[in-house]
>>> print(open('run.txt').read())   # compact mmCIF, C-alpha atoms
# COMPACT_ATOMS: atom_id res chain seq x y z
CA MET G 1 230.37 137.13 67.87
CA ASN G 2 231.65 136.58 71.45
CA SER G 3 235.24 135.70 72.36
CA LYS G 4 234.63 132.00 72.71
CA THR G 5 232.88 131.65 69.36
CA HIS G 6 235.64 133.66 67.74
CA ILE G 7 238.41 131.59 69.31
CA LEU G 8 236.65 128.29 68.55
CA ASN G 9 236.52 129.29 64.91
CA LEU G 10 240.27 129.80 64.76
CA GLU G 11 242.80 127.08 63.98
CA THR G 12 245.51 126.51 66.58
CA SER G 13 248.13 127.68 64.08
CA ALA G 14 246.22 130.91 63.44
CA ILE G 15 246.13 131.64 67.18
CA ILE G 16 249.86 130.92 67.51
CA GLU G 17 250.64 133.13 64.53
CA ALA G 18 248.53 135.96 65.93
CA ILE G 19 250.35 135.76 69.29
CA LYS G 20 253.70 135.69 67.49
CA ALA G 21 252.70 138.75 65.53
CA GLY G 22 252.27 140.59 68.82
CA SER G 23 248.47 140.52 69.06
CA GLU G 24 247.55 141.20 72.65
CA LYS G 25 243.86 141.10 71.74
CA ILE G 26 243.95 137.37 71.04
CA LEU G 27 245.40 136.71 74.51
CA PHE G 28 242.49 138.59 76.11
CA GLN G 29 240.04 136.69 73.92
CA LEU G 30 241.59 133.40 75.05
CA TYR G 31 241.39 134.56 78.65
CA GLU G 32 237.74 135.50 78.38
CA ALA G 33 236.82 132.36 76.45
CA TYR G 34 238.35 129.81 78.84
CA ARG G 35 238.58 131.57 82.19
CA ASP G 36 235.35 130.29 83.74
CA GLU G 37 235.97 126.72 82.59
CA PHE G 38 239.53 126.77 83.91
CA VAL G 39 238.50 128.27 87.26
CA SER G 40 235.80 125.61 87.72
CA TRP G 41 238.21 122.86 86.70
CA ALA G 42 240.98 124.10 89.01
CA ILE G 43 238.65 124.45 92.00
CA ARG G 44 237.14 121.00 91.39
CA ASN G 45 240.41 119.15 90.81
CA HIS G 46 242.97 121.01 92.89
CA GLN G 47 241.01 122.59 95.74
CA VAL G 48 242.26 126.10 95.06
CA SER G 49 240.28 129.27 95.77
CA ILE G 50 238.61 131.29 93.01
CA GLU G 51 241.20 134.05 93.32
CA GLU G 52 244.08 131.52 93.20
CA ALA G 53 242.53 129.83 90.16
CA LYS G 54 242.15 133.13 88.34
CA ASP G 55 245.72 134.09 89.23
CA VAL G 56 246.98 130.76 87.88
CA PHE G 57 245.03 131.24 84.67
CA GLN G 58 246.51 134.70 84.20
CA GLU G 59 249.96 133.16 84.71
CA SER G 60 249.05 130.46 82.20
CA VAL G 61 248.15 132.99 79.51
CA VAL G 62 251.41 134.82 80.16
CA ALA G 63 253.30 131.50 79.98
CA LEU G 64 251.52 130.64 76.74
CA TYR G 65 252.65 133.98 75.36
CA LYS G 66 256.26 133.38 76.47
CA ASN G 67 256.30 129.86 75.03
CA VAL G 68 254.91 131.02 71.71
CA LYS G 69 257.47 133.82 71.52
CA ALA G 70 260.23 131.34 72.34
CA GLY G 71 259.04 129.05 69.55
CA LYS G 72 258.08 126.29 71.98
CA ALA G 73 254.54 126.07 70.61
CA ASP G 74 255.47 125.95 66.93
CA THR G 75 254.70 122.26 66.56
CA LEU G 76 251.71 122.26 68.87
CA GLU G 77 249.38 119.41 67.96
CA SER G 78 246.75 119.87 70.66
CA THR G 79 244.30 122.73 70.83
CA VAL G 80 245.38 125.98 72.43
CA LYS G 81 242.81 125.32 75.15
CA THR G 82 244.38 121.94 76.06
CA TYR G 83 247.83 123.53 75.99
CA LEU G 84 246.66 126.41 78.19
CA PHE G 85 245.01 124.07 80.70
CA GLY G 86 248.18 121.92 80.70
CA ILE G 87 250.27 124.98 81.60
CA GLY G 88 247.79 125.88 84.32
CA LYS G 89 247.92 122.38 85.76
CA ASN G 90 251.74 122.50 85.87
CA ILE G 91 251.68 125.88 87.60
CA ILE G 92 249.33 124.53 90.28
CA LEU G 93 251.33 121.33 90.78
CA ASN G 94 254.59 123.27 90.97
CA ALA G 95 253.06 125.66 93.48
CA ILE G 96 251.91 122.73 95.62
CA LYS G 97 255.37 121.15 95.36
CA ARG G 98 257.04 124.47 96.16
CA LYS G 99 254.79 124.95 99.12
CA GLY G 100 255.92 121.55 100.41
CA ILE G 101 259.54 122.44 99.86
CA GLU G 102 259.12 125.81 101.52
CA THR G 103 257.47 124.20 104.52
CA LYS G 104 260.31 121.70 104.74
CA ALA G 105 262.88 124.48 104.36
CA PHE G 106 261.23 126.40 107.14
CA GLU G 107 261.24 123.33 109.36
CA ASN G 108 264.94 122.77 108.68
CA PHE G 109 265.78 126.43 109.00
CA ASN G 110 268.12 125.98 111.97
CA HIS G 111 269.93 123.04 110.45
CA GLY G 112 270.61 124.22 106.93
CA HIS G 113 272.31 127.20 105.39
CA ASP G 114 272.21 129.10 102.10
CA ASN G 115 275.17 128.86 99.77
CA GLY G 116 274.74 132.49 98.77
CA ILE G 117 273.69 134.12 95.55
CA ASN G 118 274.00 131.74 92.64
CA ASP G 119 274.39 132.53 88.93
CA HIS G 120 270.68 132.30 88.31
CA TYR G 121 270.00 134.82 91.01
CA ASP G 122 272.68 137.11 89.53
CA GLN G 123 271.08 136.94 86.12
CA GLU G 124 267.61 137.59 87.55
CA HIS G 125 268.99 140.48 89.56
CA LEU G 126 270.57 142.06 86.47
CA ILE G 127 267.40 141.67 84.42
CA ASN G 128 265.42 143.30 87.22
CA LEU G 129 267.74 146.27 87.29
CA VAL G 130 267.55 146.69 83.50
CA LYS G 131 263.78 146.34 83.71
CA ARG G 132 263.59 149.18 86.23
CA LEU G 133 265.71 151.47 84.07
CA TYR G 134 263.66 150.58 81.01
CA ARG G 135 260.39 151.24 82.82
CA ALA G 136 261.64 154.67 83.82
CA MET G 137 261.88 155.61 80.14
CA GLY G 138 259.13 157.79 78.82
CA SER G 139 256.96 157.54 75.78
CA PRO G 140 257.55 156.77 72.92
CA CYS G 141 260.91 155.06 73.71
CA LYS G 142 259.32 152.48 75.98
CA GLU G 143 256.71 151.59 73.35
CA ILE G 144 259.19 151.55 70.44
CA LEU G 145 261.62 149.25 72.24
CA GLU G 146 258.76 146.99 73.34
CA MET G 147 257.41 146.74 69.81
CA TYR G 148 260.76 145.96 68.31
CA TYR G 149 262.36 143.73 70.93
CA GLU G 150 259.36 142.09 72.58
CA LYS G 151 256.64 141.97 69.95
CA GLY G 152 259.08 141.44 67.11
CA TYR G 153 257.64 144.17 64.89
CA ASP G 154 259.71 145.29 61.92
CA MET G 155 260.53 148.98 61.54
CA GLU G 156 257.65 149.61 59.10
CA SER G 157 255.15 148.30 61.65
CA VAL G 158 256.76 150.33 64.44
CA ALA G 159 256.55 153.47 62.26
CA SER G 160 252.90 152.86 61.47
CA GLN G 161 252.02 152.14 65.14
CA VAL G 162 253.77 155.22 66.48
CA GLY G 163 252.70 157.40 63.57
CA TYR G 164 256.09 158.08 61.99
CA LYS G 165 256.47 158.94 58.33
CA ASN G 166 258.51 155.87 57.45
CA ALA G 167 260.68 153.01 58.72
CA ASP G 168 263.85 155.13 58.61
CA VAL G 169 262.39 157.65 61.07
CA ALA G 170 261.35 154.80 63.38
CA LYS G 171 264.78 153.16 63.02
CA LYS G 172 266.55 156.38 63.95
CA LYS G 173 264.29 156.89 66.97
CA LYS G 174 264.76 153.28 68.08
CA TYR G 175 268.53 153.74 67.91
CA GLU G 176 268.32 156.89 70.04
CA CYS G 177 266.10 155.14 72.59
CA LEU G 178 268.41 152.15 72.79
CA LYS G 179 271.43 154.40 73.17
CA SER G 180 269.66 156.30 75.94
CA LEU G 181 268.88 153.08 77.78
CA GLU G 182 272.46 151.84 77.39
CA GLU G 183 273.72 155.15 78.79
CA ARG G 184 271.37 154.82 81.76
CA ILE G 185 272.72 151.32 82.34
CA ASN G 186 276.31 152.56 82.05
CA MET G 187 275.62 155.27 84.58
CA SER G 188 274.06 152.82 87.03
CA ARG G 189 275.74 150.32 89.31
CA LEU G 190 275.17 147.75 86.57
CA LYS G 191 278.24 149.12 84.81
CA ASP G 192 280.60 147.51 87.32
CA ILE G 193 278.75 144.21 87.25
CA LEU G 194 278.79 144.06 83.46
CA ASN G 195 282.43 145.04 83.14
CA MET M 1 274.96 148.49 58.53
CA GLU M 2 275.95 149.81 61.93
CA GLU M 3 277.21 147.49 64.63
CA SER M 4 274.19 148.06 66.86
CA GLU M 5 271.87 147.10 64.02
CA ILE M 6 273.95 144.03 63.20
CA ILE M 7 273.67 142.87 66.83
CA ASP M 8 269.90 143.24 66.66
CA LYS M 9 269.64 141.37 63.39
CA TYR M 10 271.94 138.64 64.68
CA LEU M 11 269.82 138.17 67.82
CA ARG M 12 266.60 138.26 65.79
CA GLY M 13 268.01 135.70 63.32
CA GLU M 14 267.75 138.15 60.44
CA LEU M 15 271.33 137.86 59.17
CA ASP M 16 271.97 135.57 56.24
CA ALA M 17 274.29 132.58 56.72
CA GLU M 18 277.40 134.38 55.54
CA GLN M 19 276.79 137.50 57.67
CA SER M 20 275.97 135.36 60.66
CA GLU M 21 279.15 133.29 60.34
CA LYS M 22 281.24 136.42 60.00
CA PHE M 23 279.60 137.96 63.05
CA GLU M 24 280.13 134.84 65.17
CA THR M 25 283.79 134.64 64.19
CA ASN M 26 284.24 138.25 65.21
CA LEU M 27 282.29 137.66 68.43
CA LYS M 28 284.62 134.88 69.54
CA SER M 29 287.70 137.08 69.45
CA ASN M 30 286.24 140.49 70.26
CA ALA M 31 285.68 140.99 74.00
CA THR M 32 284.07 144.43 73.48
CA LEU M 33 281.54 142.98 71.06
CA GLN M 34 280.84 140.15 73.52
CA LYS M 35 280.01 142.72 76.20
CA LYS M 36 277.76 144.59 73.78
CA VAL M 37 275.88 141.43 72.86
CA THR M 38 275.56 140.48 76.53
CA LEU M 39 274.20 143.94 77.31
CA ARG M 40 271.75 143.77 74.41
CA LYS M 41 270.51 140.35 75.57
CA LEU M 42 270.08 141.75 79.04
CA ILE M 43 268.10 144.70 77.69
CA ILE M 44 265.88 142.39 75.66
CA ALA M 45 265.33 140.19 78.74
CA GLY M 46 264.50 143.26 80.86
CA ILE M 47 262.00 144.54 78.30
CA SER M 48 260.48 141.07 78.02
CA GLN M 49 260.12 140.72 81.77
CA SER M 50 258.58 144.16 82.01
CA TYR M 51 256.12 143.31 79.27
CA THR M 52 255.05 139.97 80.75
CA GLU M 53 254.57 141.57 84.16
CA GLU M 54 252.46 144.27 82.56
CA LEU M 55 250.55 141.63 80.62
CA LYS M 56 249.77 139.79 83.87
CA SER M 57 248.61 143.03 85.41
CA LYS M 58 246.47 143.85 82.36
CA LEU M 59 244.90 140.39 82.53
CA ALA M 60 244.06 140.96 86.21
CA ASP M 61 242.44 144.29 85.28
CA PHE M 62 240.60 142.60 82.42
CA ASP M 63 239.39 139.94 84.86
CA ARG M 64 237.96 142.64 87.10
CA SER M 65 236.21 144.26 84.13
CA LEU M 66 234.74 140.85 83.22
CA GLU M 67 233.47 140.46 86.78
CA ASN M 68 231.90 143.93 86.65
CA LYS M 69 230.36 143.15 83.26
CA LYS M 70 228.92 139.92 84.64
CA ARG M 71 227.61 141.70 87.72
CA PHE M 72 226.06 144.41 85.55
CA GLU M 73 224.50 141.83 83.23
CA PHE M 74 223.20 139.91 86.25
CA ASN M 75 221.78 143.09 87.81
CA TRP M 76 220.30 144.12 84.51
CA LYS M 77 218.72 140.69 84.04
CA MET M 78 217.40 140.75 87.60
CA ALA M 79 215.98 144.23 87.05
CA ALA M 80 214.40 143.09 83.78
CA VAL M 81 212.87 140.02 85.45
CA PHE M 82 211.63 142.18 88.32
CA ALA M 83 210.15 144.74 85.91
CA VAL M 84 208.40 142.01 83.92
CA LEU M 85 207.00 140.55 87.14
CA VAL M 86 205.77 143.93 88.36
CA ILE M 87 204.21 144.77 85.00
CA SER M 88 202.59 141.33 84.74
CA ALA M 89 201.28 141.57 88.29
CA SER M 90 199.93 145.06 87.60
CA ILE M 91 198.21 143.94 84.40
CA PHE M 92 196.82 140.88 86.17
CA TYR M 93 195.60 143.05 89.06
CA LEU M 94 193.96 145.52 86.68
CA LEU M 95 192.35 142.69 84.76
CA ILE M 96 190.92 140.95 87.77
CA GLN M 97 190.05 144.10 89.66
CA LYS M 98 186.49 145.29 89.05
CA SER M 99 185.62 148.84 89.88
CA SER M 100 183.32 149.18 92.83
CA PRO M 101 180.20 151.36 92.40
CA TYR M 102 181.02 152.87 95.78
CA ASP M 103 184.24 154.32 94.21
CA TYR M 104 181.88 156.56 92.22
CA ASP M 105 179.83 157.83 95.13
CA ILE M 106 180.08 161.63 95.14
CA VAL M 107 180.59 163.92 98.11
CA GLU M 108 177.48 165.20 99.84
CA LEU M 109 178.04 168.12 102.18
CA GLY M 110 174.47 168.10 103.54
CA LEU M 111 172.22 171.05 104.12
CA PRO M 112 173.09 174.01 106.36
CA ASN M 113 171.38 173.98 109.78
CA SER M 114 168.28 176.13 110.08
CA MET M 115 166.71 176.60 113.45
CA GLY M 116 163.00 177.44 113.80
CA ALA M 117 160.07 175.09 113.59
CA ASN M 118 160.15 171.69 115.27
CA ASP M 119 160.35 169.98 111.92
CA ASN M 120 163.42 171.99 111.10
CA ILE M 121 165.01 171.09 114.44
CA ASP M 122 164.50 167.40 113.69
CA LEU M 123 165.92 167.83 110.19
CA SER M 124 168.89 169.67 111.63
CA ASN M 125 169.53 166.81 114.06
CA ALA M 126 169.26 164.31 111.24
CA MET M 127 171.58 166.40 109.06
CA ASN M 128 174.12 166.75 111.88
CA THR M 129 174.09 163.01 112.40
CA PHE M 130 174.49 162.50 108.63
CA LYS M 131 177.42 164.92 108.57
CA THR M 132 179.21 162.98 111.33
CA GLY M 133 179.18 159.98 109.03
CA ASP M 134 176.96 157.91 111.28
CA TYR M 135 174.71 156.84 108.41
CA GLU M 136 172.99 154.06 110.40
CA ALA M 137 171.68 156.56 112.96
CA ALA M 138 170.97 159.17 110.27
CA SER M 139 169.01 156.58 108.29
CA GLN M 140 166.75 155.90 111.29
CA ILE M 141 166.10 159.60 111.97
CA PHE M 142 165.39 160.31 108.29
CA GLU M 143 163.05 157.28 108.25
CA GLU M 144 161.08 158.66 111.20
CA LEU M 145 160.84 162.10 109.59
CA LEU M 146 159.84 160.53 106.30
CA ALA M 147 156.92 158.79 108.04
CA HIS M 148 155.50 162.22 108.69
CA LYS M 149 156.45 163.75 105.35
CA PRO M 150 156.61 160.87 102.82
CA SER M 151 156.82 163.09 99.75
CA SER M 152 159.57 165.48 100.97
CA ASP M 153 162.26 165.40 98.27
CA THR M 154 164.88 166.51 100.84
CA LEU M 155 164.05 163.61 103.14
CA LEU M 156 163.76 161.15 100.27
CA TYR M 157 167.15 162.24 98.95
CA PHE M 158 169.05 162.18 102.27
CA SER M 159 167.25 159.12 103.58
CA GLY M 160 168.08 157.31 100.34
CA LEU M 161 171.71 158.41 100.62
CA ALA M 162 171.95 157.19 104.23
CA ASP M 163 170.46 153.89 103.05
CA PHE M 164 172.91 153.66 100.15
CA ARG M 165 175.85 154.27 102.41
CA THR M 166 174.70 151.57 104.80
CA LYS M 167 174.39 149.16 101.83
CA GLN M 168 170.59 149.21 101.79
CA THR M 169 170.66 149.77 98.06
CA LYS M 170 167.11 148.62 97.28
CA ALA M 171 165.66 151.01 99.85
CA ALA M 172 167.75 153.82 98.40
CA ILE M 173 166.54 153.06 94.86
CA GLN M 174 162.95 152.99 96.07
CA LYS M 175 163.29 156.42 97.73
CA TRP M 176 165.27 158.12 94.97
CA GLY M 177 162.84 156.77 92.41
CA GLN M 178 160.12 158.95 93.95
CA ILE M 179 161.97 162.23 93.50
CA GLU M 180 160.43 164.21 90.71
CA ALA M 181 162.18 166.02 87.87
CA THR M 182 161.25 169.39 89.35
CA SER M 183 163.20 168.73 92.57
CA LYS M 184 166.48 170.54 93.13
CA PHE M 185 167.92 167.13 94.07
CA PHE M 186 166.87 165.55 90.77
CA SER M 187 170.20 165.85 88.97
CA LYS M 188 172.26 164.42 91.88
CA THR M 189 169.58 161.78 92.50
CA ASN M 190 169.73 160.61 88.90
CA TYR M 191 173.44 160.07 89.13
CA ARG M 192 173.14 158.37 92.51
CA LEU M 193 170.36 156.20 91.22
CA ALA M 194 172.55 154.99 88.36
CA ILE M 195 175.28 154.11 90.83
CA ALA M 196 172.72 152.36 93.03
CA TYR M 197 171.48 150.29 90.07
CA TRP M 198 175.09 149.34 89.35
CA SER M 199 175.59 148.42 92.98
CA ASN M 200 172.43 146.37 92.88
CA GLY M 201 173.67 144.41 89.84
CA ASP M 202 171.43 146.14 87.30
CA GLU M 203 174.24 147.33 85.05
CA LYS M 204 171.92 147.80 82.07
CA ARG M 205 169.78 150.43 83.78
CA ALA M 206 172.87 151.98 85.35
CA LYS M 207 174.47 152.40 81.91
CA GLU M 208 171.27 153.83 80.39
CA LEU M 209 170.95 156.39 83.13
CA LEU M 210 174.61 157.36 83.08
CA GLN M 211 174.50 157.69 79.30
CA LYS M 212 171.53 160.05 79.64
CA ILE M 213 173.54 162.23 82.03
CA VAL M 214 176.54 162.19 79.71
CA ASP M 215 174.33 163.16 76.76
CA SER M 216 172.48 165.92 78.60
CA GLU M 217 173.82 169.39 77.90
CA ASN M 218 173.67 171.08 81.29
CA ASP M 219 174.19 168.34 83.82
CA SER M 220 176.95 169.28 86.28
CA LEU M 221 177.71 165.59 86.84
CA GLN M 222 178.52 164.82 83.20
CA MET M 223 182.20 164.17 83.89
CA GLU M 224 181.50 161.92 86.88
CA ALA M 225 178.88 160.06 84.83
CA LYS M 226 181.37 159.56 81.99
CA GLN M 227 183.99 158.13 84.36
CA ALA M 228 181.47 155.77 85.95
CA LEU M 229 180.25 154.71 82.52
CA ASP M 230 183.83 154.01 81.35
CA ALA M 231 184.42 151.92 84.46
CA LEU M 232 181.22 149.99 83.87
CA GLN M 233 182.14 149.27 80.26
>>> encode(input="run.txt", output="structure tokens")
Amino acid sequence: MNSKTHILNLETSAIIEAIKAGSEKILFQLYEAYRDEFVSWAIRNHQVSIEEAKDVFQESVVALYKNVKAGKADTLESTVKTYLFGIGKNIILNAIKRKGIETKAFENFNHGHDNGINDHYDQEHLINLVKRLYRAMGSPCKEILEMYYEKGYDMESVASQVGYKNADVAKKKKYECLKSLEERINMSRLKDILN
Amino acid sequence: MEESEIIDKYLRGELDAEQSEKFETNLKSNATLQKKVTLRKLIIAGISQSYTEELKSKLADFDRSLENKKRFEFNWKMAAVFAVLVISASIFYLLIQKSSPYDYDIVELGLPNSMGANDNIDLSNAMNTFKTGDYEAASQIFEELLAHKPSSDTLLYFSGLADFRTKQTKAAIQKWGQIEATSKFFSKTNYRLAIAYWSNGDEKRAKELLQKIVDSENDSLQMEAKQALDALQ
């Protein structure tokens, strides 16, 4: 059975549940099943290049994942395909709008000025710094923290994925990893920002 | 339950109503706990951002693998189509192609030159001309010699061969037909005669003669006769 047939046979709720449960496989199946159709649609309707269309579709699948994790797709009534294409359309329209704004901003460069770093930028900056410290962690800490905090696995699932004897061993290891990351953060320049 | 675990459970919505209320009350008045929760949220956001960036990157890699797969499938299909075309064309060519009797003509080195009597000088000239491959000229010289010696098996054989090679098949058949079984050229002539019949459209006689050669025990041209017979059939 190919990806498209498999996906078409699944109910929207089953797909959402699979994504929620941390299945990466289903995201790749969705990508493979609808990529060509999306790319053709995007090129036909929005005059984007093939590479841009593919990039947008990748962003769309990531956005679908984020929305599902955030519970925004819990009451989804349309098909996942319609939802995915809707996200893609918004990304393209926002990019076009942003491009217009950027052009305008460039034109008004000499007349305007920036008010400085805002709260949103601060938050983004902090997350980026944490992300870098997290990425520097080795295996299995990186995987354990990802499974627990991002994929929402319980400790039994983490133990079985990593190959630990039981949930208690995984829980202990997760605690050590978290502590290690917090220490790294406390040793970094983030400490001053957070305090 | 340790504080770190409680923070996790609170953020994951895994505390019951009573535990949650207690935690929130504590959170409002405890600045240290507030910092810890903020830090935990930040860590979760950092992990999430890292994961989604990696997911995007994995999707881009997956896209490339899909492209390669498509390209491979396309190349494979093209190769399959090409192979089918080549095989079909080959089969068609083999089916429509009919073996030519001339493909089964055997090499004739000619006789060695022997100087002496006038007759021998003439034969040598004829043989030299034959050996150069000028069968038209050789045919004429052999014809003239044959006028003087009409029953010479050597002349009948070589004259017939020069005729055959200049597509005068009937003349060749007529000459080879006169060579008797006692002649040293008889075996080669029989084979050549069969090929000449084939060339002349008389496949029945050609097959009969070739079959005889194949069936004979000591004929040195058995293998050639078998190949010609297979081609004819």
>>> residues_around(input="run.txt", residues="G:Ser188", least_positions_apart="6", cutoff="10 Å", atoms="all atoms listed in the file", output="JSON, numbers by chain")
{"G": [129, 130, 133, 182]}
>>> interface_residues(input="run.txt", of="chain G", to="chain M", cutoff="8 Å", atoms="only C-alpha atoms", output="short mmCIF file (atom, residue, chain, number, x, y, z; two decimals) with C-alpha atoms, in the coordinates of the input")
data_model
loop_
_atom_site.label_atom_id
_atom_site.label_comp_id
_atom_site.auth_asym_id
_atom_site.auth_seq_id
_atom_site.Cartn_x
_atom_site.Cartn_y
_atom_site.Cartn_z
CA PHE G 28 242.49 138.59 76.11
CA TYR G 31 241.39 134.56 78.65
CA GLU G 32 237.74 135.50 78.38
CA ASP G 55 245.72 134.09 89.23
CA GLN G 58 246.51 134.70 84.20
CA GLU G 59 249.96 133.16 84.71
CA VAL G 62 251.41 134.82 80.16
CA LYS G 66 256.26 133.38 76.47
CA LEU G 126 270.57 142.06 86.47
CA ILE G 127 267.40 141.67 84.42
CA ASN G 128 265.42 143.30 87.22
CA LEU G 129 267.74 146.27 87.29
CA VAL G 130 267.55 146.69 83.50
CA LYS G 131 263.78 146.34 83.71
CA TYR G 134 263.66 150.58 81.01
CA ARG G 135 260.39 151.24 82.82
CA LEU G 145 261.62 149.25 72.24
CA GLU G 146 258.76 146.99 73.34
CA TYR G 149 262.36 143.73 70.93
CA GLU G 150 259.36 142.09 72.58
CA LEU G 194 278.79 144.06 83.46
CA ASN G 195 282.43 145.04 83.14
#
>>> residues_around(input="run.txt", residues="M:Phe142", least_positions_apart="4", cutoff="8 Å", atoms="all atoms listed in the file", output="list of chain:residue names")
M:Leu123, M:Ala126, M:Ala138, M:Leu146, M:Leu155, M:Phe158, M:Ser159
>>> axis_aligned_box(input="run.txt", around="stretch 157-171 of chain G", padding_each_side="6 Å", output="JSON")
{"center_x": 258.4, "center_y": 153.6, "center_z": 62.0, "size_x": 24.8, "size_y": 22.6, "size_z": 21.0}
>>> closest_residue(input="run.txt", among="M:Gln227, M:Gln233, M:Asn190, M:Ser139", to="M:Ala171", atoms="only C-alpha atoms")
M:Ser139
>>> closest_residue(input="run.txt", among="G:Ala53, G:Leu64, G:Lys171, G:Lys81", to="G:Thr12", atoms="only C-alpha atoms")
G:Lys81
>>> closest_residue(input="run.txt", among="G:Ile26, G:Ala70, G:Ile91, G:Ile144", to="G:Tyr175", atoms="all atoms listed in the file")
G:Ile144
>>> atom_distance(input="run.txt", atom1="atom CA of M:Lys188", atom2="atom CA of M:Leu221")
7.5 Å
>>> atom_distance(input="run.txt", atom1="atom CA of G:Lys54", atom2="atom CA of G:Ile15")
21.6 Å
>>> atom_distance(input="run.txt", atom1="atom CA of M:Gly110", atom2="atom CA of M:Gly160")
12.9 Å
>>> closest_residue(input="run.txt", among="M:Ala196, M:Ser29, M:Arg165, M:Ile213", to="M:Gly177", atoms="all atoms listed in the file")
M:Ala196
>>> residues_around(input="run.txt", residues="M:Pro112", least_positions_apart="4", cutoff="10 Å", atoms="only C-alpha atoms", output="ChimeraX atom specification")
/M:124,127-128
